[in-house]
Amino acid sequence: MAALLIFFVPLHYLFRIFAYGSPFPKWFLAATARIVGARVHRIGTPLRRDVVFVANHVSWIDIPALAGASGTAFVSKAELARAPVVGWLARLNRTIFIERENRMGVAEQINQLREAMLDNWSLTVFPEGTTTDGQSLLPFKSSMLSVLDPPPPGVMVQPVVLDYREIAEWIGWIGEESGMQNMRRVLSRRGTFRLDLHFLDPFSPGDHRGRKAIAYRARQAIEERLVETRGGAPLRDFAHTVAAIRYRAPNG
């Protein structure tokens with residue numbers, strides 16, 4: 001990954017001298033997902049522009065995998081912007097940082113998101129607000145979809161399901177595990193694993209009354225596909241799963 005950075009970053013900045021929309025962050029993130037061991041299988045067709053992807057959230061691997069498959073930018077909590085190296089990398093991929101506790105700055109942050117949409121970006125939101133075990137689905141925080149209330153003209157919503165299949169629970173970043181511990185554990189895993197990205201049918205947010213209705217529609221579609229990937233088995237109670245975690249061996 002370090003070698004990729006050394007190769008791609010100068011090319012990215014050189015490209016930006018002459019044009020906007022550098023492809024190098026997407027290529028770097030796609031390669032990063034592959035180095036980690038993810039073999040990404042895209043199911044369905046992602047929209048390329050004027051779209052907000054709404055996805056379930058399992059791992060930090062979600063980000064390089066989704067960006068590599070679709071070229072999307074992300075909406076992230078502001079703490080990430082202050083993280084060494086990671087914050088800088090996130091900015092290279094046009095990440096928009098949101099201060100969730102800054103109620104006075106909500107309007108300004110929504111305007112920032114709208115400007116990104118007007119630039120024909122694709123944006124990804126993880127409305128659960130945290131990562132899970134891949135076998136459950138938390139309530140969606142509709143506040144993260146404020147940019148769609150009312151929606152910018154022509155913008156669509158496309159639900160996305162990230163399915164890590166048999167290693168979903170192992171790879172999930174949950175419990176008391178720190179980000180660094182999780183990264184070391186995942187990178188220490190031998191071999192590869194399959195990650196299915198299900199790009200579901202897009203819908204117009206303008207057909208729904210407000211952000212809560214949009215969040216409900218997207219969550220319903222994601223839940224139905226997750227249940228389908230589990231062979232019809234209902235989703236787990238996430239709180240129970242976290243409470244049951246004690247130790248996980250490096251290779252699952």
# chains A, B, ... in the order shown; residues from 1 in each chain; ligands from 1

call {"tool": "residues_around", "arguments": {"residues": "A:Leu148", "least_positions_apart": "3", "cutoff": "8 Å", "atoms": "only C-alpha atoms", "output": "PyMOL selection string"}}
result
chain A and resi 145+151-152+205+210-211

call {"tool": "residues_around", "arguments": {"residues": "A:Ile214", "least_positions_apart": "2", "cutoff": "12 Å", "atoms": "only C-alpha atoms", "output": "PDB file with C-alpha atoms, in the first residue's frame"}}
result
ATOM      1  CA  VAL A  52     -26.342   9.047  -3.182  1.00  0.00           C
ATOM      2  CA  PHE A  53     -25.411   5.480  -2.296  1.00  0.00           C
ATOM      3  CA  VAL A  54     -26.923   4.368   1.021  1.00  0.00           C
ATOM      4  CA  PRO A 127     -26.635   5.894   7.916  1.00  0.00           C
ATOM      5  CA  PHE A 140     -30.801   4.402  10.059  1.00  0.00           C
ATOM      6  CA  LYS A 141     -30.067   7.935  11.244  1.00  0.00           C
ATOM      7  CA  SER A 142     -32.212  10.018   8.908  1.00  0.00           C
ATOM      8  CA  SER A 143     -30.217  13.146   9.823  1.00  0.00           C
ATOM      9  CA  MET A 144     -27.426  11.822   7.597  1.00  0.00           C
ATOM     10  CA  LEU A 145     -29.792  12.155   4.633  1.00  0.00           C
ATOM     11  CA  SER A 146     -30.601  15.828   5.258  1.00  0.00           C
ATOM     12  CA  VAL A 147     -29.088  16.718   1.884  1.00  0.00           C
ATOM     13  CA  LEU A 148     -32.031  14.909   0.283  1.00  0.00           C
ATOM     14  CA  ASP A 149     -34.704  16.928   2.071  1.00  0.00           C
ATOM     15  CA  PRO A 150     -35.535  18.426  -0.362  1.00  0.00           C
ATOM     16  CA  PRO A 151     -33.382  16.559  -2.901  1.00  0.00           C
ATOM     17  CA  MET A 156     -31.226   9.455  -7.205  1.00  0.00           C
ATOM     18  CA  VAL A 157     -30.766   7.196  -4.184  1.00  0.00           C
ATOM     19  CA  GLN A 158     -29.277   3.738  -4.699  1.00  0.00           C
ATOM     20  CA  PRO A 159     -29.186   1.281  -1.772  1.00  0.00           C
ATOM     21  CA  PRO A 202     -32.259   3.153  -7.461  1.00  0.00           C
ATOM     22  CA  PHE A 203     -35.229   5.316  -6.569  1.00  0.00           C
ATOM     23  CA  SER A 204     -36.077   8.995  -6.678  1.00  0.00           C
ATOM     24  CA  PRO A 205     -36.007  10.681  -3.259  1.00  0.00           C
ATOM     25  CA  GLY A 206     -38.514  13.187  -4.613  1.00  0.00           C
ATOM     26  CA  ASP A 207     -41.155  10.452  -4.531  1.00  0.00           C
ATOM     27  CA  HIS A 208     -40.915  10.270  -0.734  1.00  0.00           C
ATOM     28  CA  ARG A 209     -42.010  12.709   1.933  1.00  0.00           C
ATOM     29  CA  GLY A 210     -38.876  13.756   3.730  1.00  0.00           C
ATOM     30  CA  ARG A 211     -35.636  12.165   4.833  1.00  0.00           C
ATOM     31  CA  LYS A 212     -37.271   9.675   7.257  1.00  0.00           C
ATOM     32  CA  TYR A 216     -37.023   3.810   5.599  1.00  0.00           C
ATOM     33  CA  ARG A 217     -37.207   2.920   1.902  1.00  0.00           C
ATOM     34  CA  ALA A 218     -33.434   2.409   1.623  1.00  0.00           C
ATOM     35  CA  ARG A 219     -33.202   0.395   4.852  1.00  0.00           C
ATOM     36  CA  GLN A 220     -36.080  -1.832   3.816  1.00  0.00           C
ATOM     37  CA  ALA A 221     -34.371  -2.674   0.511  1.00  0.00           C
TER      38      ALA A 221
END

call {"tool": "select_by_dssp", "arguments": {"residues": "stretch 8-199 of chain A", "states": "strand (DSSP E or B)", "output": "ChimeraX atom specification"}}
result
/A:38-43,51-55,73-77,96-98,122-125,156-163,193-199

call {"tool": "atom_distance", "arguments": {"atom1": "atom CA of A:Val9", "atom2": "atom CA of A:Ser22"}}
result
10.5 Å

call {"tool": "atom_distance", "arguments": {"atom1": "atom CA of A:Ser70", "atom2": "atom CA of A:Leu47"}}
result
7.9 Å

call {"tool": "atom_distance", "arguments": {"atom1": "atom CA of A:Leu89", "atom2": "atom CA of A:Ile63"}}
result
11.6 Å

call {"tool": "residues_around", "arguments": {"residues": "stretch 29-31 of chain A", "least_positions_apart": "4", "cutoff": "6 Å", "atoms": "only C-alpha atoms", "output": "ChimeraX atom specification"}}
result
/A:64-65,68

call {"tool": "closest_residue", "arguments": {"among": "A:Leu123, A:Leu197, A:Val36, A:Ile98", "to": "A:Gly71", "atoms": "only C-alpha atoms"}}
result
A:Leu123

call {"tool": "closest_residue", "arguments": {"among": "A:Arg42, A:His57, A:Arg49, A:Arg82", "to": "A:Leu195", "atoms": "only C-alpha atoms"}}
result
A:Arg42
